[in-house]
file entry01.cif (mmCIF, C-alpha atoms and all ligand atoms)
data_start
#
loop_
_atom_site.label_atom_id
_atom_site.label_comp_id
_atom_site.auth_asym_id
_atom_site.auth_seq_id
_atom_site.Cartn_x
_atom_site.Cartn_y
_atom_site.Cartn_z
CA MET Z 1 -35.40 7.40 15.44
CA ALA Z 2 -31.90 6.04 14.99
CA GLY Z 3 -30.20 8.13 12.31
CA ARG Z 4 -27.90 6.75 9.65
CA ARG Z 5 -25.03 8.44 11.44
CA GLY Z 6 -25.62 6.49 14.61
CA ARG Z 7 -27.23 9.42 16.41
CA ARG Z 8 -30.79 9.70 17.63
CA LEU Z 9 -32.50 12.12 15.29
CA LEU Z 10 -35.88 13.74 15.54
CA ALA Z 11 -38.12 12.98 12.59
CA VAL Z 12 -37.99 15.79 10.02
CA PRO Z 13 -41.50 17.26 9.74
CA HIS Z 14 -43.25 16.67 6.42
CA LEU Z 15 -40.45 14.45 5.11
CA THR Z 16 -41.59 11.11 3.73
CA GLY Z 17 -40.63 8.08 5.80
CA ARG Z 18 -38.41 6.76 3.00
CA LEU Z 19 -36.03 9.69 3.49
CA GLN Z 20 -36.14 10.04 7.26
CA GLY Z 21 -32.66 9.64 8.70
CA PHE Z 22 -30.79 10.91 5.66
CA GLY Z 23 -30.25 14.34 7.23
CA THR Z 24 -27.97 16.86 5.54
CA THR Z 25 -25.17 15.38 3.43
CA ILE Z 26 -21.86 15.21 5.21
CA PHE Z 27 -20.30 17.24 2.39
CA ALA Z 28 -22.64 20.18 2.99
CA GLU Z 29 -22.21 19.92 6.76
CA MET Z 30 -18.43 19.81 6.65
CA SER Z 31 -18.03 22.50 3.95
CA ALA Z 32 -20.29 24.80 6.00
CA LEU Z 33 -18.11 24.12 9.03
CA ALA Z 34 -15.01 25.01 6.99
CA VAL Z 35 -16.56 28.33 5.92
CA GLU Z 36 -17.75 29.10 9.46
CA THR Z 37 -14.39 28.37 11.09
CA GLY Z 38 -12.05 29.42 8.26
CA ALA Z 39 -10.51 25.93 8.40
CA ILE Z 40 -8.73 24.34 5.43
CA ASN Z 41 -11.32 22.20 3.68
CA LEU Z 42 -9.98 18.72 2.96
CA GLY Z 43 -13.53 17.38 3.33
CA GLN Z 44 -15.70 17.79 0.24
CA GLY Z 45 -13.84 16.70 -2.89
CA PHE Z 46 -13.37 19.69 -5.15
CA PRO Z 47 -10.15 21.20 -6.55
CA ASP Z 48 -9.02 24.70 -5.60
CA THR Z 49 -7.73 25.49 -9.09
CA ASP Z 50 -9.54 25.65 -12.42
CA GLY Z 51 -9.28 23.05 -15.14
CA PRO Z 52 -8.03 23.50 -18.73
CA ALA Z 53 -8.40 27.00 -20.15
CA ALA Z 54 -9.41 25.57 -23.54
CA VAL Z 55 -12.47 24.01 -21.91
CA ALA Z 56 -13.44 27.20 -20.07
CA ASP Z 57 -12.94 29.20 -23.29
CA ALA Z 58 -15.21 26.80 -25.15
CA ALA Z 59 -17.95 27.32 -22.54
CA ILE Z 60 -17.60 31.10 -22.79
CA ALA Z 61 -17.72 30.90 -26.58
CA ALA Z 62 -20.84 28.73 -26.37
CA ILE Z 63 -22.56 31.28 -24.12
CA ARG Z 64 -21.52 34.13 -26.41
CA SER Z 65 -22.72 32.31 -29.50
CA GLY Z 66 -26.19 31.86 -28.04
CA ARG Z 67 -26.15 28.20 -27.05
CA ASN Z 68 -28.21 29.05 -24.01
CA GLN Z 69 -31.57 27.41 -24.63
CA TYR Z 70 -32.64 23.85 -23.87
CA PRO Z 71 -30.29 21.38 -25.55
CA PRO Z 72 -31.71 18.15 -27.02
CA GLY Z 73 -33.12 15.81 -24.35
CA THR Z 74 -30.32 13.27 -24.75
CA GLY Z 75 -27.57 15.92 -24.84
CA CYS Z 76 -25.98 18.05 -27.57
CA PRO Z 77 -24.78 16.02 -30.57
CA GLU Z 78 -21.09 16.91 -30.34
CA LEU Z 79 -20.96 15.84 -26.69
CA ARG Z 80 -22.67 12.54 -27.41
CA ASP Z 81 -20.16 11.96 -30.24
CA ALA Z 82 -17.27 12.91 -27.94
CA ILE Z 83 -18.45 10.52 -25.20
CA CYS Z 84 -18.63 7.62 -27.69
CA HIS Z 85 -15.22 8.51 -29.05
CA HIS Z 86 -13.84 8.59 -25.47
CA GLN Z 87 -15.25 5.14 -24.64
CA ARG Z 88 -13.66 3.72 -27.80
CA ARG Z 89 -10.34 5.54 -27.33
CA PHE Z 90 -9.74 4.51 -23.72
CA TYR Z 91 -11.58 1.19 -23.41
CA GLY Z 92 -12.43 -0.14 -26.87
CA LEU Z 93 -16.14 0.09 -26.03
CA GLU Z 94 -18.47 0.93 -28.92
CA TYR Z 95 -21.64 2.97 -28.33
CA ASP Z 96 -23.94 4.57 -30.88
CA PRO Z 97 -24.28 8.32 -30.19
CA ALA Z 98 -27.81 8.19 -31.62
CA ASP Z 99 -29.36 5.98 -28.96
CA GLU Z 100 -26.75 4.58 -26.55
CA VAL Z 101 -25.70 7.79 -24.75
CA LEU Z 102 -27.56 10.15 -22.44
CA VAL Z 103 -26.13 13.38 -21.04
CA THR Z 104 -27.16 14.04 -17.42
CA ALA Z 105 -26.84 16.69 -14.72
CA GLY Z 106 -23.63 15.22 -13.35
CA ALA Z 107 -23.14 11.58 -12.49
CA THR Z 108 -25.48 12.26 -9.56
CA GLU Z 109 -28.49 12.55 -11.85
CA GLY Z 110 -27.37 9.61 -13.96
CA ILE Z 111 -27.19 7.42 -10.84
CA ALA Z 112 -30.56 8.68 -9.58
CA ALA Z 113 -32.27 8.20 -12.93
CA ALA Z 114 -30.77 4.71 -13.37
CA ILE Z 115 -31.86 3.54 -9.92
CA LEU Z 116 -35.31 5.13 -10.20
CA ALA Z 117 -35.79 3.69 -13.68
CA LEU Z 118 -34.54 0.18 -13.02
CA THR Z 119 -35.63 -0.63 -9.46
CA GLY Z 120 -38.74 -0.39 -7.33
CA PRO Z 121 -40.50 -1.83 -4.30
CA GLY Z 122 -39.60 -5.48 -3.82
CA ASP Z 123 -36.27 -5.15 -5.65
CA GLU Z 124 -32.86 -5.35 -4.01
CA VAL Z 125 -29.72 -3.50 -5.02
CA VAL Z 126 -26.33 -4.90 -4.06
CA CYS Z 127 -23.52 -2.44 -3.43
CA PHE Z 128 -20.23 -2.31 -1.59
CA GLU Z 129 -19.73 -0.33 1.58
CA PRO Z 130 -18.37 2.22 2.19
CA TYR Z 131 -20.60 3.68 -0.56
CA TYR Z 132 -21.09 7.16 -1.99
CA ASP Z 133 -23.93 8.69 -0.01
CA SER Z 134 -26.35 9.31 -2.88
CA TYR Z 135 -26.68 5.56 -3.56
CA ALA Z 136 -28.53 4.86 -0.34
CA ALA Z 137 -30.81 7.86 -0.81
CA CYS Z 138 -31.65 6.96 -4.42
CA ILE Z 139 -32.35 3.32 -3.54
CA ALA Z 140 -34.65 4.59 -0.77
CA MET Z 141 -36.39 7.02 -3.13
CA ALA Z 142 -36.99 4.14 -5.54
CA GLY Z 143 -38.55 2.14 -2.69
CA ALA Z 144 -36.00 -0.65 -3.21
CA GLN Z 145 -33.74 -2.25 -0.58
CA ARG Z 146 -29.97 -2.18 -0.45
CA ARG Z 147 -27.77 -5.12 0.49
CA VAL Z 148 -24.19 -4.21 1.23
CA VAL Z 149 -20.92 -6.09 1.06
CA THR Z 150 -18.11 -4.64 3.15
CA LEU Z 151 -14.73 -3.62 1.75
CA ARG Z 152 -12.17 -3.83 4.55
CA PRO Z 153 -8.84 -2.03 4.98
CA PRO Z 154 -5.96 -2.13 4.45
CA GLY Z 155 -6.56 -3.43 0.89
CA TYR Z 156 -10.32 -2.87 0.79
CA GLY Z 157 -10.86 -6.23 -0.84
CA PHE Z 158 -14.11 -8.18 -0.51
CA ASP Z 159 -14.97 -11.77 0.19
CA PRO Z 160 -16.53 -13.29 -2.98
CA ALA Z 161 -18.62 -15.56 -0.74
CA GLU Z 162 -20.10 -12.48 0.96
CA LEU Z 163 -20.94 -10.99 -2.42
CA ARG Z 164 -22.58 -14.23 -3.53
CA ALA Z 165 -24.54 -14.38 -0.28
CA ALA Z 166 -25.82 -10.82 -0.75
CA ILE Z 167 -27.50 -11.79 -4.03
CA THR Z 168 -31.04 -13.12 -3.60
CA PRO Z 169 -33.88 -13.89 -6.01
CA ARG Z 170 -35.00 -10.28 -5.47
CA THR Z 171 -31.70 -8.73 -6.56
CA LYS Z 172 -32.26 -6.55 -9.60
CA LEU Z 173 -28.99 -4.77 -9.95
CA LEU Z 174 -25.49 -4.39 -8.67
CA LEU Z 175 -24.03 -0.93 -8.16
CA LEU Z 176 -20.26 -0.63 -8.50
CA ASN Z 177 -18.03 2.39 -7.95
CA SER Z 178 -14.48 1.99 -9.27
CA PRO Z 179 -12.19 3.87 -8.80
CA HIS Z 180 -13.78 4.02 -5.40
CA ASN Z 181 -14.78 6.91 -3.14
CA PRO Z 182 -13.89 7.14 -0.21
CA THR Z 183 -11.20 4.41 -0.19
CA GLY Z 184 -9.26 5.30 -3.35
CA LYS Z 185 -9.37 1.63 -4.35
CA VAL Z 186 -9.24 0.52 -7.99
CA PHE Z 187 -11.05 -2.81 -8.32
CA SER Z 188 -8.59 -5.36 -9.76
CA PRO Z 189 -9.29 -7.34 -12.96
CA GLU Z 190 -9.83 -10.46 -10.79
CA GLU Z 191 -12.35 -8.67 -8.57
CA LEU Z 192 -14.16 -7.27 -11.59
CA SER Z 193 -14.27 -10.75 -13.14
CA THR Z 194 -15.87 -12.08 -9.96
CA VAL Z 195 -18.46 -9.30 -10.03
CA ALA Z 196 -19.14 -9.82 -13.74
CA GLU Z 197 -19.50 -13.59 -13.41
CA LEU Z 198 -22.03 -13.19 -10.60
CA CYS Z 199 -24.00 -10.63 -12.61
CA VAL Z 200 -24.16 -13.01 -15.58
CA GLU Z 201 -24.95 -16.05 -13.43
CA HIS Z 202 -27.83 -14.27 -11.66
CA ASP Z 203 -28.92 -12.23 -14.68
CA LEU Z 204 -28.39 -8.91 -12.88
CA LEU Z 205 -28.15 -5.45 -14.33
CA ALA Z 206 -25.09 -3.43 -13.31
CA VAL Z 207 -24.79 0.31 -12.77
CA THR Z 208 -21.23 1.59 -12.59
CA ASP Z 209 -20.02 4.91 -11.23
CA GLU Z 210 -16.71 5.71 -12.92
CA VAL Z 211 -16.33 9.43 -12.16
CA TYR Z 212 -12.68 8.95 -11.08
CA GLU Z 213 -11.78 6.96 -14.22
CA HIS Z 214 -8.90 9.28 -15.13
CA LEU Z 215 -7.56 9.88 -11.62
CA VAL Z 216 -5.69 6.58 -11.30
CA PHE Z 217 -2.10 6.42 -9.99
CA GLU Z 218 -1.52 2.68 -9.68
CA GLY Z 219 -3.25 -0.12 -11.55
CA VAL Z 220 -5.63 0.46 -14.44
CA HIS Z 221 -9.27 1.36 -14.56
CA LEU Z 222 -11.30 -1.23 -16.43
CA PRO Z 223 -15.00 -0.52 -16.98
CA LEU Z 224 -17.17 -3.44 -15.87
CA ALA Z 225 -18.81 -3.23 -19.30
CA THR Z 226 -15.60 -4.58 -20.88
CA PHE Z 227 -15.99 -7.95 -19.10
CA PRO Z 228 -17.61 -10.95 -20.82
CA GLY Z 229 -21.38 -10.74 -20.83
CA MET Z 230 -21.44 -7.25 -19.29
CA ARG Z 231 -21.62 -4.77 -22.19
CA ASP Z 232 -25.36 -5.19 -22.66
CA ARG Z 233 -26.34 -5.44 -18.99
CA THR Z 234 -24.30 -2.47 -17.68
CA VAL Z 235 -25.30 1.15 -17.36
CA THR Z 236 -21.93 2.92 -17.36
CA ILE Z 237 -21.98 6.34 -15.69
CA SER Z 238 -19.29 8.99 -15.54
CA SER Z 239 -18.93 12.75 -15.48
CA ALA Z 240 -16.71 15.67 -16.36
CA GLY Z 241 -16.42 17.19 -12.89
CA LYS Z 242 -13.33 15.37 -11.67
CA THR Z 243 -11.54 14.84 -14.99
CA PHE Z 244 -11.68 18.52 -15.95
CA SER Z 245 -11.71 20.11 -12.46
CA TYR Z 246 -15.04 21.82 -13.08
CA THR Z 247 -17.14 20.09 -10.44
CA GLY Z 248 -19.77 22.85 -10.44
CA TRP Z 249 -20.67 22.41 -14.11
CA LYS Z 250 -22.42 19.10 -13.47
CA ILE Z 251 -22.13 17.46 -16.85
CA GLY Z 252 -22.41 13.68 -16.63
CA TRP Z 253 -23.35 10.83 -18.92
CA VAL Z 254 -24.77 7.35 -19.20
CA CYS Z 255 -23.75 4.74 -21.78
CA ALA Z 256 -25.76 1.54 -22.27
CA THR Z 257 -27.88 -0.38 -24.79
CA PRO Z 258 -30.72 1.55 -26.46
CA GLU Z 259 -33.23 -0.28 -24.22
CA LEU Z 260 -31.42 0.64 -21.01
CA VAL Z 261 -30.81 4.23 -22.15
CA THR Z 262 -34.49 4.56 -22.98
CA ALA Z 263 -35.43 3.32 -19.51
CA VAL Z 264 -32.99 5.69 -17.76
CA LYS Z 265 -34.09 8.60 -19.99
CA THR Z 266 -37.70 8.01 -19.02
CA ALA Z 267 -36.81 8.84 -15.39
CA LYS Z 268 -34.20 11.50 -16.23
CA GLN Z 269 -36.56 13.58 -18.39
CA PHE Z 270 -38.74 14.22 -15.33
CA LEU Z 271 -35.85 15.06 -13.01
CA THR Z 272 -34.11 17.94 -14.81
CA TYR Z 273 -35.20 17.28 -18.39
CA VAL Z 274 -31.91 18.89 -19.54
CA SER Z 275 -29.15 21.03 -18.04
CA GLY Z 276 -25.88 22.87 -18.66
CA ALA Z 277 -26.46 23.85 -22.33
CA PRO Z 278 -23.21 25.81 -22.96
CA PHE Z 279 -21.12 23.48 -20.80
CA GLN Z 280 -22.00 20.47 -22.94
CA PRO Z 281 -20.03 21.53 -26.07
CA ALA Z 282 -17.19 22.68 -23.79
CA ILE Z 283 -16.89 19.21 -22.27
CA ALA Z 284 -16.88 17.78 -25.79
CA VAL Z 285 -13.72 19.85 -26.33
CA GLY Z 286 -12.29 18.50 -23.06
CA LEU Z 287 -12.94 14.87 -23.95
CA GLY Z 288 -10.94 15.39 -27.13
CA LEU Z 289 -7.82 16.70 -25.35
CA PRO Z 290 -4.63 14.76 -26.14
CA ASP Z 291 -3.21 11.89 -24.08
CA GLU Z 292 -0.73 14.25 -22.39
CA PHE Z 293 -3.61 16.03 -20.70
CA TYR Z 294 -4.94 12.80 -19.22
CA ALA Z 295 -1.47 11.62 -18.13
CA GLY Z 296 -0.83 15.07 -16.66
CA ILE Z 297 -3.89 15.21 -14.41
CA ALA Z 298 -3.12 11.78 -12.95
CA ALA Z 299 0.56 12.64 -12.39
CA ASP Z 300 -0.28 15.98 -10.79
CA LEU Z 301 -2.77 14.38 -8.42
CA ALA Z 302 -0.42 11.48 -7.60
CA ALA Z 303 2.15 14.01 -6.36
CA LYS Z 304 -0.54 15.63 -4.18
CA ARG Z 305 -1.58 12.21 -2.89
CA ASP Z 306 2.03 11.53 -1.89
CA ARG Z 307 2.30 14.88 -0.11
CA LEU Z 308 -0.89 14.24 1.83
CA VAL Z 309 -0.14 10.59 2.62
CA ASP Z 310 3.32 11.51 3.96
CA GLY Z 311 1.91 14.32 6.08
CA LEU Z 312 -0.92 12.22 7.49
CA THR Z 313 1.54 9.47 8.36
CA ARG Z 314 3.78 11.97 10.16
CA ALA Z 315 0.74 13.24 12.05
CA GLY Z 316 0.33 9.77 13.54
CA PHE Z 317 -2.60 8.26 11.63
CA GLU Z 318 -2.60 4.80 10.12
CA VAL Z 319 -2.87 5.71 6.44
CA PHE Z 320 -4.37 3.51 3.70
CA ARG Z 321 -2.51 4.67 0.62
CA PRO Z 322 -5.02 5.17 -2.21
CA ALA Z 323 -4.36 3.99 -5.78
CA ALA Z 324 -6.76 6.54 -7.26
CA THR Z 325 -9.24 9.40 -6.64
CA TYR Z 326 -9.04 12.57 -4.59
CA PHE Z 327 -9.24 10.74 -1.28
CA THR Z 328 -7.11 9.13 1.42
CA THR Z 329 -8.72 7.24 4.30
CA VAL Z 330 -6.97 7.00 7.67
CA ASP Z 331 -7.57 5.10 10.90
CA ILE Z 332 -7.65 7.57 13.81
CA ARG Z 333 -7.13 5.00 16.57
CA PRO Z 334 -3.32 5.34 16.75
CA LEU Z 335 -4.00 8.90 17.98
CA GLY Z 336 -6.16 7.59 20.81
CA GLU Z 337 -9.37 8.55 18.98
CA SER Z 338 -12.21 6.19 18.18
CA ASP Z 339 -15.19 8.16 16.84
CA GLY Z 340 -14.59 9.68 13.39
CA LEU Z 341 -17.72 11.82 13.45
CA ASP Z 342 -16.80 13.46 16.77
CA PHE Z 343 -13.21 13.76 15.57
CA CYS Z 344 -14.24 15.56 12.35
CA ARG Z 345 -16.65 17.86 14.15
CA SER Z 346 -13.92 18.97 16.56
CA LEU Z 347 -11.01 19.04 14.08
CA PRO Z 348 -11.61 22.61 12.81
CA ALA Z 349 -11.42 23.98 16.36
CA ARG Z 350 -8.45 21.78 17.30
CA CYS Z 351 -6.38 22.15 14.14
CA GLY Z 352 -8.11 24.36 11.57
CA VAL Z 353 -8.67 21.47 9.17
CA VAL Z 354 -11.87 19.84 7.88
CA ALA Z 355 -12.15 16.14 6.97
CA VAL Z 356 -15.06 13.74 6.43
CA PRO Z 357 -15.95 10.78 8.68
CA ASP Z 358 -16.20 7.57 6.64
CA VAL Z 359 -18.87 6.18 8.98
CA VAL Z 360 -21.57 8.01 6.99
CA PHE Z 361 -20.76 5.73 4.04
CA TYR Z 362 -21.47 2.52 6.00
CA ASP Z 363 -24.54 0.53 7.00
CA HIS Z 364 -22.39 -1.44 9.45
CA GLN Z 365 -21.30 1.53 11.54
CA SER Z 366 -18.71 -0.41 13.51
CA GLU Z 367 -16.77 -1.04 10.26
CA GLY Z 368 -16.24 2.66 9.64
CA ARG Z 369 -16.51 4.43 13.00
CA HIS Z 370 -12.75 4.98 13.33
CA LEU Z 371 -12.08 5.96 9.71
CA VAL Z 372 -11.73 9.48 8.33
CA ARG Z 373 -11.26 10.76 4.77
CA PHE Z 374 -9.01 13.62 3.63
CA ALA Z 375 -9.02 15.10 0.10
CA CYS Z 376 -5.74 15.85 -1.70
CA CYS Z 377 -7.12 17.89 -4.63
CA LYS Z 378 -5.70 21.19 -3.31
CA ARG Z 379 -2.67 23.36 -4.14
CA PRO Z 380 0.59 22.00 -2.68
CA GLU Z 381 0.96 24.96 -0.32
CA VAL Z 382 -2.55 24.35 1.03
CA LEU Z 383 -1.80 20.67 1.61
CA ASP Z 384 1.48 21.58 3.33
CA GLU Z 385 -0.26 24.02 5.66
CA ALA Z 386 -3.01 21.49 6.48
CA VAL Z 387 -0.40 18.84 7.23
CA ARG Z 388 1.57 21.29 9.39
CA ARG Z 389 -1.58 22.01 11.41
CA LEU Z 390 -2.37 18.32 11.82
CA GLN Z 391 0.98 17.66 13.49
CA ALA Z 392 -0.57 19.28 16.59
CA LEU Z 393 -2.63 16.10 17.08
CA ARG Z 394 0.46 14.29 18.26
CA SER Z 395 0.97 16.61 21.24
N1 LIG X 1 -20.01 9.42 -7.59
C1 LIG X 1 -18.94 9.56 -6.79
C2 LIG X 1 -18.24 8.35 -6.31
C3 LIG X 1 -18.51 10.84 -6.44
O1 LIG X 1 -17.47 10.99 -5.64
C4 LIG X 1 -19.21 11.96 -6.92
C5 LIG X 1 -18.77 13.34 -6.55
N2 LIG X 1 -18.19 13.90 -7.66
C6 LIG X 1 -20.31 11.75 -7.75
C7 LIG X 1 -20.70 10.47 -8.05
C8 LIG X 1 -21.11 12.88 -8.28
O2 LIG X 1 -20.60 13.34 -9.50
P1 LIG X 1 -21.18 14.65 -10.18
O3 LIG X 1 -20.58 15.81 -9.48
O4 LIG X 1 -20.75 14.52 -11.59
O5 LIG X 1 -22.66 14.61 -10.03
N1 LIG X 2 -18.11 13.79 -4.58
C1 LIG X 2 -17.69 14.75 -3.60
C2 LIG X 2 -17.07 14.03 -2.42
O1 LIG X 2 -17.15 12.85 -2.31
C3 LIG X 2 -18.80 15.60 -3.05
C4 LIG X 2 -19.95 15.90 -3.90
C5 LIG X 2 -21.11 16.38 -3.06
O2 LIG X 2 -20.97 17.31 -2.30
N2 LIG X 2 -22.21 15.73 -3.18
O3 LIG X 2 -16.51 14.68 -1.59
#
call {"tool": "encode", "arguments": {"input": "entry01.cif", "output": "C-alpha cells"}}
result
Amino acid sequence: MAGRRGRRLLAVPHLTGRLQGFGTTIFAEMSALAVETGAINLGQGFPDTDGPAAVADAAIAAIRSGRNQYPPGTGCPELRDAICHHQRRFYGLEYDPADEVLVTAGATEGIAAAILALTGPGDEVVCFEPYYDSYAACIAMAGAQRRVVTLRPPGYGFDPAELRAAITPRTKLLLLNSPHNPTGKVFSPEELSTVAELCVEHDLLAVTDEVYEHLVFEGVHLPLATFPGMRDRTVTISSAGKTFSYTGWKIGWVCATPELVTAVKTAKQFLTYVSGAPFQPAIAVGLGLPDEFYAGIAADLAAKRDRLVDGLTRAGFEVFRPAATYFTTVDIRPLGESDGLDFCRSLPARCGVVAVPDVVFYDHQSEGRHLVRFACCKRPEVLDEAVRRLQALRS
C-alpha cells in the first residue's frame, strides 16, 4: 500500500486497517538514528537541560510524602486550581476547577480523548497541514475523516476560502494548533477571528492544542476560546512538558464546559484512567511561578532560535524564521536537495546531525517534500556544534 510517507509499505500484520500506513512516528525513527550514529539530535523536540529546580523539588517531595497512589480521576485538586488560575492570569478565561478541567497524560492523551469522544464514523475533522502527527492517527482511530487546509511558507498563512471550502455538513470539529508545530507560526488575531467566525457560523466544536503557549518570541498567543462565541464550543488543551522543560513527565490538561469535559473524560478514563500522581502537584507549583519565569523561558529560547536560524542560513538553506516554539523549518532546495525524507535519513552520516522531514506532517506530500525541521531547544554549545557541522553541506 502507499504509506503516508510516500513510500510503498507492506501491510503490518495484525494491525487494523484504520492504522495501516502510520508506521513508526518520525520522532522515534529519528531519535533512534541519533542514538545509533551519535549524531546531534535536532529532530525530536525535547530540551537537553532540566526545568526549574523548584518544580523538580516539589515532585521529589510529593514522592517522599507518599503521593504515589491513583490521584482523583479528573486530576489532583491543587493542579486543577492552578490550571484555572493560569487561564485567568494569562488570558482572562474563567473555568471552574470542579467540573471544567481535566488532567491528562500529556496533551497527547487530551487530544486523543477529545477526538475519540467527540467524533466518529461519518464525521469530518478540519485541520491545517502541516499537522502534528498524532492528529491524523487519532482521527483514524475514531473512524472519522480529516480534511486539511494547507499553510504555505514563507508566512504559513491560509486562504480563508480554502478553509470555508473544507467545511461540509459532516464537519464536526476543527482542530487548531497555535503556536504551531512544525512551522513556529503564531496564528494572528485576524486569522483566529476567521476561524472562530466559521466555527460559529457552522456550529462546529473546536479542539485547540496550545502546548507552546509560553514559547512565543514575536506576536501574542491568544487562545481560540477567547474569541466571540468560542468559549463554550472549544476544548482547550495544553501541557507542562514544553513550558517547564520536563517533557517526560507527561502532565497535560483540558479546559472546557462541564458537558464537553464530561464527554472527553468518558474517553480518557478508559485510556489511562489517571497518570503522573506526584508530578501533578509539582506542576501546580510550576504554574504558579512568577512572570519573570515565563518571560525568561521565552527570552532564553528566542536567543537559541536566533543562533539556529543564523547558522542554518549560513549553511545555505532558505530559512522560515519562526515566531514561536522549538522549531525552525527550512527549504532544502537551495542546496540542490529536493527530498526531505532522504535528506534527513542521510544527514547523520553526512554531517552528524539529525533533523525531521516536514513531509510526514502533510497529506499533500508535494507541499512539504522539500521542507525539513530543526529544533533549537538545546544548549548553545550544542547548537553551535550542529551548525558548524552543517556548513559541510555547502561544499
Ligand atoms: N502537540 C504538539 C503540537 C506537540 O508538539 C506535542 C509534543 N510536545 C504534543 C502535542 C504532545 O504534548 P505532550 O508531550 O504533553 O503529550
Ligand atoms: N512534540 C515533539 C516534537 O514535535 C515530539 C513528541 C513525540 O515524540 N511524540 O518533536
call {"tool": "residues_near_ligand", "arguments": {"input": "entry01.cif", "ligand": "ligand LIG 1 (chain X)", "cutoff": "10 Å", "atoms": "all atoms listed in the file", "output": "NGL selection string"}}
result
:Z and (27 or 44-46 or 104-112 or 131-135 or 176-182 or 184 or 208-212 or 237-243 or 246-253 or 325-327)
call {"tool": "residues_near_point", "arguments": {"input": "entry01.cif", "point": "(-32.8, 5.9, -15.8)", "cutoff": "6 Å", "atoms": "all atoms listed in the file", "output": "PyMOL selection string"}}
result
chain Z and resi 113-114+117+263-265+267-268
call {"tool": "atom_distance", "arguments": {"input": "entry01.cif", "atom1": "atom O1 of ligand LIG 2 (chain X)", "atom2": "CA of Ala32 (chain Z)"}}
result
14.9 Å
call {"tool": "residues_near_point", "arguments": {"input": "entry01.cif", "point": "(-5.4, 8.3, 8.3)", "cutoff": "9 Å", "atoms": "all atoms listed in the file", "output": "number ranges by chain"}}
result
Z: 309, 312-313, 315-321, 328-332, 371-374
call {"tool": "write_last_selection", "arguments": {"input": "entry01.cif", "atoms": "C-alpha atoms", "output": "PDB file, keeping the file's coordinate frame"}}
result
ATOM      1  CA  VAL Z 309      -0.140  10.590   2.620  1.00  0.00           C
ATOM      2  CA  LEU Z 312      -0.920  12.220   7.490  1.00  0.00           C
ATOM      3  CA  THR Z 313       1.540   9.470   8.360  1.00  0.00           C
ATOM      4  CA  ALA Z 315       0.740  13.240  12.050  1.00  0.00           C
ATOM      5  CA  GLY Z 316       0.330   9.770  13.540  1.00  0.00           C
ATOM      6  CA  PHE Z 317      -2.600   8.260  11.630  1.00  0.00           C
ATOM      7  CA  GLU Z 318      -2.600   4.800  10.120  1.00  0.00           C
ATOM      8  CA  VAL Z 319      -2.870   5.710   6.440  1.00  0.00           C
ATOM      9  CA  PHE Z 320      -4.370   3.510   3.700  1.00  0.00           C
ATOM     10  CA  ARG Z 321      -2.510   4.670   0.620  1.00  0.00           C
ATOM     11  CA  THR Z 328      -7.110   9.130   1.420  1.00  0.00           C
ATOM     12  CA  THR Z 329      -8.720   7.240   4.300  1.00  0.00           C
ATOM     13  CA  VAL Z 330      -6.970   7.000   7.670  1.00  0.00           C
ATOM     14  CA  ASP Z 331      -7.570   5.100  10.900  1.00  0.00           C
ATOM     15  CA  ILE Z 332      -7.650   7.570  13.810  1.00  0.00           C
ATOM     16  CA  LEU Z 371     -12.080   5.960   9.710  1.00  0.00           C
ATOM     17  CA  VAL Z 372     -11.730   9.480   8.330  1.00  0.00           C
ATOM     18  CA  ARG Z 373     -11.260  10.760   4.770  1.00  0.00           C
ATOM     19  CA  PHE Z 374      -9.010  13.620   3.630  1.00  0.00           C
TER      20      PHE Z 374
END
call {"tool": "residues_around", "arguments": {"input": "entry01.cif", "residues": "Glu197 (chain Z)", "least_positions_apart": "4", "cutoff": "9 Å", "atoms": "all atoms listed in the file", "output": "ChimeraX atom specification"}}
result
/Z:192-193,201-202,227-230
call {"tool": "closest_residue", "arguments": {"input": "entry01.cif", "among": "Z:Lys378, Z:Arg350, Z:Arg233, Z:Arg18", "to": "Leu173 (chain Z)", "atoms": "only C-alpha atoms"}}
result
Z:Arg233
call {"tool": "closest_residue", "arguments": {"input": "entry01.cif", "among": "Z:Val103, Z:Ala34, Z:Ala302, Z:Leu42", "to": "ligand LIG 2 (chain X)", "atoms": "only C-alpha atoms and all ligand atoms"}}
result
Z:Leu42
call {"tool": "axis_aligned_box", "arguments": {"input": "entry01.cif", "around": "ligand LIG 2 (chain X)", "padding_each_side": "4 Å", "output": "AutoDock Vina command-line options"}}
result
--center_x -19.4 --center_y 15.1 --center_z -3.1 --size_x 13.7 --size_y 12.5 --size_z 11.0
call {"tool": "residues_around", "arguments": {"input": "entry01.cif", "residues": "Val125 (chain Z)", "least_positions_apart": "4", "cutoff": "8 Å", "atoms": "all atoms listed in the file", "output": "number ranges by chain"}}
result
Z: 119, 139, 144-147, 171-175
call {"tool": "closest_residue", "arguments": {"input": "entry01.cif", "among": "Z:Gly286, Z:Gly120, Z:Gly311, Z:Pro322", "to": "Leu215 (chain Z)", "atoms": "all atoms listed in the file"}}
result
Z:Pro322
call {"tool": "closest_residue", "arguments": {"input": "entry01.cif", "among": "Z:Gly122, Z:Pro97, Z:Pro13, Z:Pro130", "to": "ligand LIG 2 (chain X)", "atoms": "all atoms listed in the file"}}
result
Z:Pro130
call {"tool": "atom_distance", "arguments": {"input": "entry01.cif", "atom1": "CA of Val149 (chain Z)", "atom2": "CA of Val360 (chain Z)"}}
result
15.3 Å
call {"tool": "atom_distance", "arguments": {"input": "entry01.cif", "atom1": "CA of Cys376 (chain Z)", "atom2": "CA of Lys304 (chain Z)"}}
result
5.8 Å
call {"tool": "closest_residue", "arguments": {"input": "entry01.cif", "among": "Z:Arg369, Z:Asp81, Z:Ser245, Z:Ala323", "to": "ligand LIG 2 (chain X)", "atoms": "only C-alpha atoms and all ligand atoms"}}
result
Z:Ser245
call {"tool": "closest_residue", "arguments": {"input": "entry01.cif", "among": "Z:Thr74, Z:Ser395, Z:Thr257, Z:Ser31", "to": "ligand LIG 2 (chain X)", "atoms": "only C-alpha atoms and all ligand atoms"}}
result
Z:Ser31
call {"tool": "residues_around", "arguments": {"input": "entry01.cif", "residues": "Glu36 (chain Z)", "least_positions_apart": "4", "cutoff": "12 Å", "atoms": "only C-alpha atoms", "output": "NGL selection string"}}
result
:Z and (29-32 or 40-41 or 348-349 or 352-354)
call {"tool": "residues_around", "arguments": {"input": "entry01.cif", "residues": "region 287-297 of chain Z", "least_positions_apart": "5", "cutoff": "7 Å", "atoms": "all atoms listed in the file", "output": "list in words"}}
result
Ala82, His86 and His214 of chain Z
